[in-house]
$ cat run-v6.cif   # mmCIF, C-alpha atoms
data_protein
#
loop_
_atom_site.group_PDB
_atom_site.id
_atom_site.type_symbol
_atom_site.label_atom_id
_atom_site.label_comp_id
_atom_site.auth_asym_id
_atom_site.auth_seq_id
_atom_site.Cartn_x
_atom_site.Cartn_y
_atom_site.Cartn_z
ATOM 1 C CA MET A 1 -6.604 -9.990 -16.866
ATOM 2 C CA ASP A 2 -6.644 -6.251 -16.184
ATOM 3 C CA THR A 3 -7.974 -4.523 -19.297
ATOM 4 C CA SER A 4 -7.935 -0.941 -18.011
ATOM 5 C CA PRO A 5 -5.596 1.235 -20.116
ATOM 6 C CA HIS A 6 -2.502 1.984 -18.099
ATOM 7 C CA LYS A 7 1.276 2.085 -18.100
ATOM 8 C CA SER A 8 3.113 -0.277 -15.767
ATOM 9 C CA ASP A 9 6.569 0.978 -14.810
ATOM 10 C CA PHE A 10 9.265 1.096 -12.129
ATOM 11 C CA VAL A 11 11.381 3.742 -10.437
ATOM 12 C CA ASN A 12 14.582 3.181 -8.486
ATOM 13 C CA VAL A 13 14.274 5.161 -5.248
ATOM 14 C CA ASN A 14 15.650 4.870 -1.723
ATOM 15 C CA GLY A 15 17.743 1.871 -2.777
ATOM 16 C CA ILE A 16 14.841 -0.229 -4.117
ATOM 17 C CA HIS A 17 12.625 -0.595 -7.176
ATOM 18 C CA LEU A 18 9.032 0.558 -6.725
ATOM 19 C CA HIS A 19 6.333 -0.435 -9.181
ATOM 20 C CA TYR A 20 3.472 1.823 -10.176
ATOM 21 C CA LEU A 21 0.533 2.035 -12.562
ATOM 22 C CA ASP A 22 -0.260 5.167 -14.551
ATOM 23 C CA TRP A 23 -3.713 5.529 -16.120
ATOM 24 C CA GLY A 24 -2.929 8.970 -17.527
ATOM 25 C CA GLY A 25 -5.381 11.841 -17.498
ATOM 26 C CA ASN A 26 -5.008 15.585 -17.213
ATOM 27 C CA GLY A 27 -5.122 17.690 -14.080
ATOM 28 C CA PRO A 28 -3.754 17.388 -10.546
ATOM 29 C CA VAL A 29 -2.031 14.116 -9.686
ATOM 30 C CA LEU A 30 -4.238 11.646 -7.803
ATOM 31 C CA LEU A 31 -2.147 8.834 -6.310
ATOM 32 C CA PHE A 32 -3.759 5.709 -4.847
ATOM 33 C CA LEU A 33 -2.002 3.745 -2.093
ATOM 34 C CA THR A 34 -3.012 0.189 -1.196
ATOM 35 C CA GLY A 35 -3.828 -1.628 1.989
ATOM 36 C CA MET A 36 -1.532 -4.240 3.503
ATOM 37 C CA GLY A 37 -0.756 -7.126 1.194
ATOM 38 C CA CYS A 38 -2.504 -5.595 -1.812
ATOM 39 C CA SER A 39 -1.242 -4.592 -5.224
ATOM 40 C CA ALA A 40 -1.879 -1.403 -7.194
ATOM 41 C CA TYR A 41 -3.974 -3.514 -9.563
ATOM 42 C CA ILE A 42 -6.739 -3.630 -6.955
ATOM 43 C CA PHE A 43 -7.632 -0.114 -8.117
ATOM 44 C CA GLY A 44 -7.853 -1.278 -11.743
ATOM 45 C CA LYS A 45 -11.583 -0.577 -12.051
ATOM 46 C CA PHE A 46 -11.990 2.313 -9.632
ATOM 47 C CA ALA A 47 -8.994 4.560 -10.296
ATOM 48 C CA PRO A 48 -9.474 5.072 -14.076
ATOM 49 C CA ARG A 49 -12.871 6.673 -13.410
ATOM 50 C CA PHE A 50 -11.047 9.852 -12.345
ATOM 51 C CA THR A 51 -8.869 10.349 -15.434
ATOM 52 C CA ASP A 52 -11.216 12.934 -16.952
ATOM 53 C CA LYS A 53 -10.142 15.462 -14.297
ATOM 54 C CA PHE A 54 -6.952 14.060 -12.777
ATOM 55 C CA HIS A 55 -3.681 12.372 -13.680
ATOM 56 C CA VAL A 56 -4.222 9.043 -11.917
ATOM 57 C CA LEU A 57 -1.563 6.668 -10.576
ATOM 58 C CA ALA A 58 -1.284 3.867 -8.031
ATOM 59 C CA LEU A 59 1.851 2.755 -6.199
ATOM 60 C CA ASP A 60 3.064 -0.573 -4.850
ATOM 61 C CA ARG A 61 4.889 0.272 -1.606
ATOM 62 C CA ARG A 62 7.951 -1.807 -0.719
ATOM 63 C CA GLY A 63 7.069 -5.389 0.091
ATOM 64 C CA HIS A 64 3.919 -5.209 -2.037
ATOM 65 C CA GLY A 65 2.834 -6.110 -5.551
ATOM 66 C CA ASP A 66 5.600 -5.948 -8.117
ATOM 67 C CA SER A 67 7.906 -3.724 -6.045
ATOM 68 C CA ASP A 68 11.028 -5.029 -4.299
ATOM 69 C CA TYR A 69 10.687 -6.993 -1.051
ATOM 70 C CA PRO A 70 13.497 -5.888 1.290
ATOM 71 C CA GLU A 71 13.321 -7.326 4.810
ATOM 72 C CA THR A 72 13.552 -3.862 6.385
ATOM 73 C CA GLY A 73 12.158 -0.360 5.904
ATOM 74 C CA TYR A 74 8.537 -0.745 7.028
ATOM 75 C CA ASP A 75 8.660 2.001 9.637
ATOM 76 C CA PRO A 76 6.693 5.230 8.976
ATOM 77 C CA ASP A 77 9.778 7.320 8.206
ATOM 78 C CA THR A 78 11.116 4.947 5.551
ATOM 79 C CA LEU A 79 7.724 4.352 3.937
ATOM 80 C CA THR A 80 7.201 8.104 3.770
ATOM 81 C CA GLU A 81 10.669 8.667 2.340
ATOM 82 C CA ASP A 82 9.909 6.037 -0.325
ATOM 83 C CA LEU A 83 6.836 8.050 -1.254
ATOM 84 C CA ARG A 84 8.712 11.370 -1.312
ATOM 85 C CA GLN A 85 11.436 10.005 -3.544
ATOM 86 C CA PHE A 86 8.854 8.378 -5.815
ATOM 87 C CA LEU A 87 7.103 11.716 -6.307
ATOM 88 C CA ASP A 88 10.445 13.445 -6.894
ATOM 89 C CA ALA A 89 11.442 10.832 -9.481
ATOM 90 C CA LEU A 90 8.241 11.509 -11.411
ATOM 91 C CA LYS A 91 8.654 15.277 -10.925
ATOM 92 C CA ILE A 92 5.369 15.540 -9.019
ATOM 93 C CA ASP A 93 5.456 18.637 -6.819
ATOM 94 C CA GLN A 94 1.967 18.364 -5.327
ATOM 95 C CA VAL A 95 -0.358 15.410 -4.998
ATOM 96 C CA ILE A 96 -3.755 14.201 -3.854
ATOM 97 C CA LEU A 97 -3.276 11.030 -1.821
ATOM 98 C CA ALA A 98 -6.052 8.434 -1.630
ATOM 99 C CA GLY A 99 -5.183 5.478 0.574
ATOM 100 C CA HIS A 100 -6.858 2.292 1.714
ATOM 101 C CA SER A 101 -6.389 0.597 5.093
ATOM 102 C CA MET A 102 -2.705 0.607 6.132
ATOM 103 C CA ALA A 103 -2.066 3.588 3.838
ATOM 104 C CA TYR A 104 -3.049 5.772 6.806
ATOM 105 C CA ILE A 105 0.643 5.554 7.684
ATOM 106 C CA GLU A 106 1.860 7.260 4.512
ATOM 107 C CA LEU A 107 -1.120 9.620 4.249
ATOM 108 C CA SER A 108 -0.820 11.031 7.738
ATOM 109 C CA HIS A 109 2.978 11.007 8.032
ATOM 110 C CA PHE A 110 3.605 12.509 4.592
ATOM 111 C CA ALA A 111 0.951 15.194 5.106
ATOM 112 C CA ILE A 112 2.583 16.231 8.367
ATOM 113 C CA LEU A 113 6.174 16.209 7.096
ATOM 114 C CA TYR A 114 5.441 17.817 3.718
ATOM 115 C CA PRO A 115 2.208 19.811 4.053
ATOM 116 C CA GLU A 116 3.110 22.030 1.108
ATOM 117 C CA ARG A 117 3.072 19.010 -1.214
ATOM 118 C CA VAL A 118 -0.361 17.656 -0.270
ATOM 119 C CA LEU A 119 -3.414 19.063 -2.025
ATOM 120 C CA LYS A 120 -5.988 16.776 -0.408
ATOM 121 C CA LEU A 121 -6.231 13.471 1.475
ATOM 122 C CA VAL A 122 -8.779 10.688 1.022
ATOM 123 C CA PHE A 123 -8.912 7.907 3.627
ATOM 124 C CA LEU A 124 -10.653 4.831 2.189
ATOM 125 C CA ASP A 125 -11.657 3.148 5.454
ATOM 126 C CA ALA A 126 -8.145 3.985 6.541
ATOM 127 C CA ALA A 127 -8.231 6.691 9.228
ATOM 128 C CA TYR A 128 -7.486 4.445 12.170
ATOM 129 C CA ASP A 129 -4.942 4.131 14.956
ATOM 130 C CA SER A 130 -3.952 0.507 15.468
ATOM 131 C CA SER A 131 -1.538 1.445 18.253
ATOM 132 C CA SER A 132 -4.206 2.440 20.785
ATOM 133 C CA SER A 133 -4.746 0.113 23.720
ATOM 134 C CA GLU A 134 -8.512 0.250 23.233
ATOM 135 C CA THR A 135 -8.230 -0.876 19.619
ATOM 136 C CA LYS A 136 -5.931 -3.724 20.583
ATOM 137 C CA ALA A 137 -8.337 -4.822 23.345
ATOM 138 C CA VAL A 138 -11.274 -4.797 20.942
ATOM 139 C CA PHE A 139 -9.557 -6.994 18.385
ATOM 140 C CA GLU A 140 -8.416 -9.428 21.036
ATOM 141 C CA ARG A 141 -12.124 -10.083 21.612
ATOM 142 C CA ASN A 142 -12.772 -10.812 17.934
ATOM 143 C CA PRO A 143 -14.182 -14.373 17.758
ATOM 144 C CA LEU A 144 -13.327 -14.758 14.063
ATOM 145 C CA THR A 145 -9.691 -15.563 14.757
ATOM 146 C CA LYS A 146 -10.696 -18.737 16.600
ATOM 147 C CA MET A 147 -13.242 -19.843 14.015
ATOM 148 C CA MET A 148 -11.355 -19.566 10.756
ATOM 149 C CA PRO A 149 -9.688 -22.806 9.634
ATOM 150 C CA ALA A 150 -5.929 -22.867 9.245
ATOM 151 C CA TRP A 151 -4.440 -22.474 5.790
ATOM 152 C CA PRO A 152 -3.863 -25.908 4.199
ATOM 153 C CA GLU A 153 -0.331 -27.123 4.850
ATOM 154 C CA ASP A 154 1.965 -27.612 1.856
ATOM 155 C CA PHE A 155 -0.598 -26.024 -0.453
ATOM 156 C CA SER A 156 0.451 -26.830 -4.014
ATOM 157 C CA SER A 157 -1.860 -25.813 -6.806
ATOM 158 C CA THR A 158 -2.673 -23.192 -9.431
ATOM 159 C CA ILE A 159 -3.328 -19.509 -8.808
ATOM 160 C CA GLU A 160 -6.992 -20.144 -9.668
ATOM 161 C CA GLU A 161 -7.289 -22.841 -6.995
ATOM 162 C CA TYR A 162 -5.417 -20.590 -4.583
ATOM 163 C CA ILE A 163 -8.019 -17.883 -5.191
ATOM 164 C CA ALA A 164 -10.815 -20.394 -4.600
ATOM 165 C CA THR A 165 -9.269 -21.303 -1.246
ATOM 166 C CA ILE A 166 -8.947 -17.653 -0.246
ATOM 167 C CA LYS A 167 -12.606 -17.054 -1.078
ATOM 168 C CA ARG A 168 -13.655 -20.102 0.968
ATOM 169 C CA LEU A 169 -11.611 -19.163 4.041
ATOM 170 C CA PHE A 170 -12.285 -15.412 3.874
ATOM 171 C CA PRO A 171 -15.971 -14.812 3.087
ATOM 172 C CA ALA A 172 -15.510 -11.052 3.503
ATOM 173 C CA LEU A 173 -13.162 -11.156 0.509
ATOM 174 C CA ALA A 174 -15.426 -13.471 -1.460
ATOM 175 C CA VAL A 175 -18.294 -10.942 -1.392
ATOM 176 C CA VAL A 176 -16.131 -8.264 -3.070
ATOM 177 C CA TRP A 177 -14.188 -10.531 -5.406
ATOM 178 C CA SER A 178 -13.852 -9.048 -8.863
ATOM 179 C CA GLU A 179 -11.614 -8.997 -11.914
ATOM 180 C CA ALA A 180 -9.487 -6.395 -10.144
ATOM 181 C CA MET A 181 -9.072 -8.795 -7.201
ATOM 182 C CA ASP A 182 -8.151 -11.592 -9.615
ATOM 183 C CA GLU A 183 -5.530 -9.423 -11.259
ATOM 184 C CA GLN A 184 -4.001 -8.070 -8.074
ATOM 185 C CA THR A 185 -3.732 -11.607 -6.701
ATOM 186 C CA ARG A 186 -1.502 -12.523 -9.636
ATOM 187 C CA HIS A 187 0.872 -9.784 -8.510
ATOM 188 C CA ILE A 188 1.042 -10.597 -4.793
ATOM 189 C CA PHE A 189 1.549 -14.361 -5.109
ATOM 190 C CA LYS A 190 4.102 -16.334 -7.059
ATOM 191 C CA GLU A 191 4.643 -19.917 -8.124
ATOM 192 C CA THR A 192 7.821 -21.590 -6.894
ATOM 193 C CA PRO A 193 9.865 -23.921 -9.121
ATOM 194 C CA ASP A 194 8.301 -26.938 -7.398
ATOM 195 C CA GLY A 195 4.790 -25.758 -8.271
ATOM 196 C CA LYS A 196 3.714 -24.220 -4.966
ATOM 197 C CA VAL A 197 1.839 -20.937 -4.831
ATOM 198 C CA VAL A 198 3.219 -18.658 -2.114
ATOM 199 C CA ASP A 199 2.709 -15.105 -0.918
ATOM 200 C CA LYS A 200 5.526 -12.799 -2.040
ATOM 201 C CA MET A 201 5.389 -11.140 1.376
ATOM 202 C CA SER A 202 7.538 -13.090 3.820
ATOM 203 C CA ASP A 203 6.622 -13.684 7.450
ATOM 204 C CA ALA A 204 9.423 -11.295 8.429
ATOM 205 C CA ILE A 205 7.953 -8.479 6.348
ATOM 206 C CA SER A 206 4.467 -9.158 7.671
ATOM 207 C CA LYS A 207 5.803 -8.999 11.230
ATOM 208 C CA ALA A 208 7.648 -5.749 10.524
ATOM 209 C CA ILE A 209 4.457 -4.136 9.213
ATOM 210 C CA ASN A 210 2.405 -5.393 12.137
ATOM 211 C CA ASP A 211 5.043 -4.040 14.505
ATOM 212 C CA THR A 212 4.560 -0.640 12.852
ATOM 213 C CA PHE A 213 0.792 -0.905 13.315
ATOM 214 C CA ALA A 214 1.329 -1.658 16.989
ATOM 215 C CA SER A 215 3.654 1.280 17.604
ATOM 216 C CA TYR A 216 2.733 4.098 15.206
ATOM 217 C CA ALA A 217 0.236 6.618 16.574
ATOM 218 C CA PRO A 218 -0.725 8.953 13.700
ATOM 219 C CA GLU A 219 -0.797 12.627 14.674
ATOM 220 C CA TYR A 220 -4.015 13.432 12.859
ATOM 221 C CA SER A 221 -4.416 16.761 14.666
ATOM 222 C CA LYS A 222 -1.400 18.116 12.756
ATOM 223 C CA ILE A 223 -2.925 17.512 9.314
ATOM 224 C CA GLN A 224 -3.579 20.789 7.505
ATOM 225 C CA ALA A 225 -4.775 19.515 4.120
ATOM 226 C CA PRO A 226 -8.472 19.080 3.291
ATOM 227 C CA VAL A 227 -9.557 15.581 4.364
ATOM 228 C CA LEU A 228 -12.272 13.192 3.225
ATOM 229 C CA SER A 229 -12.548 10.077 5.355
ATOM 230 C CA PHE A 230 -14.774 7.082 4.648
ATOM 231 C CA PHE A 231 -15.652 4.831 7.553
ATOM 232 C CA ALA A 232 -17.256 1.460 6.790
ATOM 233 C CA ILE A 233 -19.801 0.657 9.515
ATOM 234 C CA ARG A 234 -19.508 -3.129 9.397
ATOM 235 C CA ASP A 235 -22.286 -5.321 10.791
ATOM 236 C CA GLY A 236 -20.471 -8.653 10.477
ATOM 237 C CA SER A 237 -22.686 -10.163 7.792
ATOM 238 C CA ASP A 238 -19.847 -10.219 5.242
ATOM 239 C CA TYR A 239 -17.755 -12.388 7.568
ATOM 240 C CA LEU A 240 -20.232 -15.228 8.005
ATOM 241 C CA SER A 241 -19.407 -18.601 6.471
ATOM 242 C CA SER A 242 -21.848 -21.450 6.002
ATOM 243 C CA ASP A 243 -18.852 -23.578 5.091
ATOM 244 C CA TYR A 244 -17.215 -23.679 8.529
ATOM 245 C CA MET A 245 -19.418 -21.782 11.001
ATOM 246 C CA THR A 246 -22.297 -23.105 13.078
ATOM 247 C CA GLU A 247 -25.387 -20.960 13.564
ATOM 248 C CA GLU A 248 -24.220 -20.271 17.104
ATOM 249 C CA GLN A 249 -20.844 -19.077 15.844
ATOM 250 C CA LYS A 250 -22.522 -16.817 13.287
ATOM 251 C CA ALA A 251 -24.556 -15.283 16.102
ATOM 252 C CA GLN A 252 -21.355 -14.711 18.106
ATOM 253 C CA VAL A 253 -19.768 -12.886 15.178
ATOM 254 C CA LYS A 254 -22.760 -10.617 14.625
ATOM 255 C CA ASP A 255 -22.974 -9.889 18.354
ATOM 256 C CA PHE A 256 -19.292 -8.897 18.434
ATOM 257 C CA PHE A 257 -19.780 -6.425 15.604
ATOM 258 C CA LYS A 258 -22.960 -4.987 17.136
ATOM 259 C CA THR A 259 -21.980 -4.744 20.802
ATOM 260 C CA VAL A 260 -18.192 -4.354 20.658
ATOM 261 C CA LEU A 261 -16.817 -3.195 17.306
ATOM 262 C CA GLN A 262 -19.510 -0.723 16.260
ATOM 263 C CA PRO A 263 -19.528 1.162 19.598
ATOM 264 C CA HIS A 264 -15.732 1.270 19.513
ATOM 265 C CA ASN A 265 -15.734 2.627 15.960
ATOM 266 C CA LYS A 266 -18.382 5.212 16.868
ATOM 267 C CA ARG A 267 -16.150 6.522 19.653
ATOM 268 C CA TYR A 268 -13.148 6.490 17.366
ATOM 269 C CA ILE A 269 -14.904 8.411 14.578
ATOM 270 C CA GLU A 270 -15.958 11.066 17.087
ATOM 271 C CA GLN A 271 -12.367 11.260 18.315
ATOM 272 C CA PHE A 272 -11.032 11.572 14.760
ATOM 273 C CA GLN A 273 -13.509 14.377 14.032
ATOM 274 C CA ARG A 274 -12.297 16.263 17.108
ATOM 275 C CA LYS A 275 -8.678 15.847 16.009
ATOM 276 C CA VAL A 276 -9.415 16.854 12.419
ATOM 277 C CA PRO A 277 -12.363 19.252 12.709
ATOM 278 C CA HIS A 278 -12.078 20.273 9.065
ATOM 279 C CA ALA A 279 -12.425 16.666 7.844
ATOM 280 C CA ARG A 280 -15.477 15.552 5.909
ATOM 281 C CA ILE A 281 -16.677 12.250 7.338
ATOM 282 C CA VAL A 282 -18.694 9.750 5.303
ATOM 283 C CA LYS A 283 -20.073 6.803 7.266
ATOM 284 C CA ILE A 284 -21.211 3.872 5.123
ATOM 285 C CA PRO A 285 -23.952 1.764 6.786
ATOM 286 C CA SER A 286 -23.391 -1.980 6.303
ATOM 287 C CA GLY A 287 -20.136 -0.902 4.726
ATOM 288 C CA HIS A 288 -17.251 -3.069 3.647
ATOM 289 C CA HIS A 289 -13.564 -2.515 4.380
ATOM 290 C CA TYR A 290 -13.032 -2.571 0.603
ATOM 291 C CA CYS A 291 -15.662 0.145 0.270
ATOM 292 C CA PHE A 292 -14.284 1.361 -3.053
ATOM 293 C CA ILE A 293 -15.317 -2.018 -4.469
ATOM 294 C CA LYS A 294 -18.529 -3.009 -2.678
ATOM 295 C CA GLN A 295 -19.858 0.527 -2.239
ATOM 296 C CA GLU A 296 -18.117 1.859 -5.323
ATOM 297 C CA GLU A 297 -20.772 4.361 -6.428
ATOM 298 C CA VAL A 298 -21.102 5.953 -2.990
ATOM 299 C CA VAL A 299 -17.348 6.305 -2.668
ATOM 300 C CA PHE A 300 -16.906 7.558 -6.221
ATOM 301 C CA ASP A 301 -19.638 10.196 -5.928
ATOM 302 C CA GLU A 302 -18.414 11.523 -2.583
ATOM 303 C CA MET A 303 -14.788 11.483 -3.699
ATOM 304 C CA ARG A 304 -15.548 13.279 -6.916
ATOM 305 C CA LYS A 305 -17.502 16.044 -5.159
ATOM 306 C CA PHE A 306 -14.701 16.512 -2.642
ATOM 307 C CA LEU A 307 -11.898 16.517 -5.205
ATOM 308 C CA LEU A 308 -13.599 18.963 -7.551
ATOM 309 C CA GLU A 309 -14.388 21.560 -4.875
#

$ encode --input "run-v6.cif" --output "structure tokens"
Amino acid sequence: MDTSPHKSDFVNVNGIHLHYLDWGGNGPVLLFLTGMGCSAYIFGKFAPRFTDKFHVLALDRRGHGDSDYPETGYDPDTLTEDLRQFLDALKIDQVILAGHSMAYIELSHFAILYPERVLKLVFLDAAYDSSSSETKAVFERNPLTKMMPAWPEDFSSTIEEYIATIKRLFPALAVVWSEAMDEQTRHIFKETPDGKVVDKMSDAISKAINDTFASYAPEYSKIQAPVLSFFAIRDGSDYLSSDYMTEEQKAQVKDFFKTVLQPHNKRYIEQFQRKVPHARIVKIPSGHHYCFIKQEEVVFDEMRKFLLE
């Protein structure tokens, strides 16, 4: 159970209900945006650490957490309009946006459309471009997709057993599992009347989001706001499973990260720096995609310095 002091509430914007968490605090508004499939509760431990200097909130975008799950509206323009109307509803004129993973869509698009409303941007291992042909080619070579067992058919059990299965199939999630992960899981899955535990996000919504990833090329060079971007330099060790991988398969995974993914990311980071020359880049060696959990102190210290400048 999430014990961090916060208000949980909803706003009706753009024809849907959006859920958000408000930890309070005084100062500029700092709004956290989640990665794909996550709930605002994932920031339950990290976000409240900023309430001494900022008014801290986190938002569930459409199709996430406790917000509504319409089948449409996962294009950059609609997601950004959701965010604009959310800020208007709460009478927030200017905001600091801190986003994880897929939140690069809202961060970049909102900052370009409404530069006067953005104080600063923080990319939490989020400043990527999934539409590029090079990125797509790299991930097609990822051996993990062929090694991971399929999800058990007709899974019917408790949320706790569902979590145990997730941790077994996804070792990279197991290494960062926390109370915040427990709590957010309770808000992204639901139990059906016949006792099954299912993801709230439908296959149609997942496809719509992935279609956006494949087509949206963020125009980072147009961002005017101050930028802090964390890049997790992953070595593959968090993805290894002794439960279903052979030693040879583990070696294949580590080789992919070392010889394919890391060189690709190095080129991409250099490209991002050229596009956003004023950005502050923080590379985290042996970093985790959920860097604000596994490398919490590094991320917190760097974020705090940047935000208080």

$ closest_residue --input "run-v6.cif" --among "A:Ala174, A:Leu240, A:Ile166, A:Ala217" --to "Ser133 (chain A)" --atoms "all atoms listed in the file"
A:Ala217

$ closest_residue --input "run-v6.cif" --among "A:Gly35, A:Gly65, A:Gly25, A:Pro149" --to "Leu107 (chain A)" --atoms "only C-alpha atoms"
A:Gly35

$ residues_around --input "run-v6.cif" --residues "Glu81 (chain A)" --least-positions-apart "5" --cutoff "9 Å" --atoms "all atoms listed in the file" --output "list in words"
Asn14, Pro76, Phe86 and Phe110 of chain A

$ write_last_selection --input "run-v6.cif" --atoms "C-alpha atoms" --output "tab-separated table (two decimals), in the coordinates of the input"
chain	number	residue	atom	x	y	z
A	14	ASN	CA	15.65	4.87	-1.72
A	76	PRO	CA	6.69	5.23	8.98
A	86	PHE	CA	8.85	8.38	-5.82
A	110	PHE	CA	3.60	12.51	4.59

$ resolve_selection --input "run-v6.cif" --expression "the PyMOL selection byres ((chain A and resi 122) around 9)" --output "mmCIF file with C-alpha atoms, in the coordinates of the input"
data_model
loop_
_atom_site.group_PDB
_atom_site.id
_atom_site.type_symbol
_atom_site.label_atom_id
_atom_site.label_comp_id
_atom_site.auth_asym_id
_atom_site.auth_seq_id
_atom_site.Cartn_x
_atom_site.Cartn_y
_atom_site.Cartn_z
ATOM 1 C CA ILE A 96 -3.755 14.201 -3.854
ATOM 2 C CA LEU A 97 -3.276 11.030 -1.821
ATOM 3 C CA ALA A 98 -6.052 8.434 -1.630
ATOM 4 C CA GLY A 99 -5.183 5.478 0.574
ATOM 5 C CA HIS A 100 -6.858 2.292 1.714
ATOM 6 C CA LEU A 107 -1.120 9.620 4.249
ATOM 7 C CA LYS A 120 -5.988 16.776 -0.408
ATOM 8 C CA LEU A 121 -6.231 13.471 1.475
ATOM 9 C CA PHE A 123 -8.912 7.907 3.627
ATOM 10 C CA LEU A 124 -10.653 4.831 2.189
ATOM 11 C CA ALA A 126 -8.145 3.985 6.541
ATOM 12 C CA PRO A 226 -8.472 19.080 3.291
ATOM 13 C CA VAL A 227 -9.557 15.581 4.364
ATOM 14 C CA LEU A 228 -12.272 13.192 3.225
ATOM 15 C CA SER A 229 -12.548 10.077 5.355
ATOM 16 C CA PHE A 230 -14.774 7.082 4.648
ATOM 17 C CA MET A 303 -14.788 11.483 -3.699
#

$ resolve_selection --input "run-v6.cif" --expression "the PyMOL selection byres ((chain A and resi 87) around 12)" --output "NGL selection string"
:A and (11-14 or 18 or 20 or 29-31 or 57-59 or 80-86 or 88-97 or 110 or 114 or 117-118)

$ residues_near_point --input "run-v6.cif" --point "(-13.9, 14.7, 15.9)" --cutoff "10 Å" --atoms "all atoms listed in the file" --output "mmCIF file with C-alpha atoms, keeping the file's coordinate frame"
data_model
loop_
_atom_site.group_PDB
_atom_site.id
_atom_site.type_symbol
_atom_site.label_atom_id
_atom_site.label_comp_id
_atom_site.auth_asym_id
_atom_site.auth_seq_id
_atom_site.Cartn_x
_atom_site.Cartn_y
_atom_site.Cartn_z
ATOM 1 C CA SER A 221 -4.416 16.761 14.666
ATOM 2 C CA ARG A 267 -16.150 6.522 19.653
ATOM 3 C CA TYR A 268 -13.148 6.490 17.366
ATOM 4 C CA ILE A 269 -14.904 8.411 14.578
ATOM 5 C CA GLU A 270 -15.958 11.066 17.087
ATOM 6 C CA GLN A 271 -12.367 11.260 18.315
ATOM 7 C CA PHE A 272 -11.032 11.572 14.760
ATOM 8 C CA GLN A 273 -13.509 14.377 14.032
ATOM 9 C CA ARG A 274 -12.297 16.263 17.108
ATOM 10 C CA LYS A 275 -8.678 15.847 16.009
ATOM 11 C CA VAL A 276 -9.415 16.854 12.419
ATOM 12 C CA PRO A 277 -12.363 19.252 12.709
ATOM 13 C CA HIS A 278 -12.078 20.273 9.065
ATOM 14 C CA ALA A 279 -12.425 16.666 7.844
ATOM 15 C CA ILE A 281 -16.677 12.250 7.338
#

$ decode --input "run-v6.cif" --residues "region 211-225 of chain A" --atoms "N, CA and C atoms" --output "short mmCIF file (atom, residue, chain, number, x, y, z; two decimals), in the first residue's frame"
data_model
loop_
_atom_site.label_atom_id
_atom_site.label_comp_id
_atom_site.auth_asym_id
_atom_site.auth_seq_id
_atom_site.Cartn_x
_atom_site.Cartn_y
_atom_site.Cartn_z
N ASP A 211 2.07 2.20 -32.50
CA ASP A 211 2.01 2.85 -33.81
C ASP A 211 2.54 4.29 -33.71
N THR A 212 2.24 4.95 -32.59
CA THR A 212 2.76 6.30 -32.37
C THR A 212 4.28 6.28 -32.23
N PHE A 213 4.79 5.30 -31.46
CA PHE A 213 6.25 5.16 -31.34
C PHE A 213 6.88 5.04 -32.73
N ALA A 214 6.26 4.23 -33.56
CA ALA A 214 6.85 3.92 -34.87
C ALA A 214 6.82 5.11 -35.83
N SER A 215 5.93 6.07 -35.59
CA SER A 215 5.74 7.14 -36.56
C SER A 215 6.16 8.52 -36.06
N TYR A 216 6.21 8.72 -34.74
CA TYR A 216 6.48 10.06 -34.22
C TYR A 216 7.98 10.32 -34.08
N ALA A 217 8.46 11.31 -34.82
CA ALA A 217 9.86 11.72 -34.73
C ALA A 217 9.93 13.04 -33.97
N PRO A 218 10.32 13.02 -32.70
CA PRO A 218 10.34 14.25 -31.90
C PRO A 218 11.31 15.27 -32.47
N GLU A 219 10.87 16.53 -32.53
CA GLU A 219 11.71 17.60 -33.06
C GLU A 219 12.47 18.26 -31.92
N TYR A 220 13.44 17.52 -31.39
CA TYR A 220 14.18 17.99 -30.23
C TYR A 220 14.88 19.33 -30.48
N SER A 221 15.30 19.58 -31.71
CA SER A 221 16.05 20.80 -32.01
C SER A 221 15.21 22.06 -31.80
N LYS A 222 13.89 21.91 -31.69
CA LYS A 222 13.02 23.08 -31.50
C LYS A 222 12.76 23.38 -30.02
N ILE A 223 13.27 22.54 -29.13
CA ILE A 223 13.04 22.76 -27.70
C ILE A 223 13.86 23.94 -27.21
N GLN A 224 13.19 24.88 -26.58
CA GLN A 224 13.86 26.08 -26.05
C GLN A 224 14.12 25.99 -24.55
N ALA A 225 13.33 25.23 -23.83
CA ALA A 225 13.42 25.17 -22.37
C ALA A 225 14.73 24.50 -21.93
#
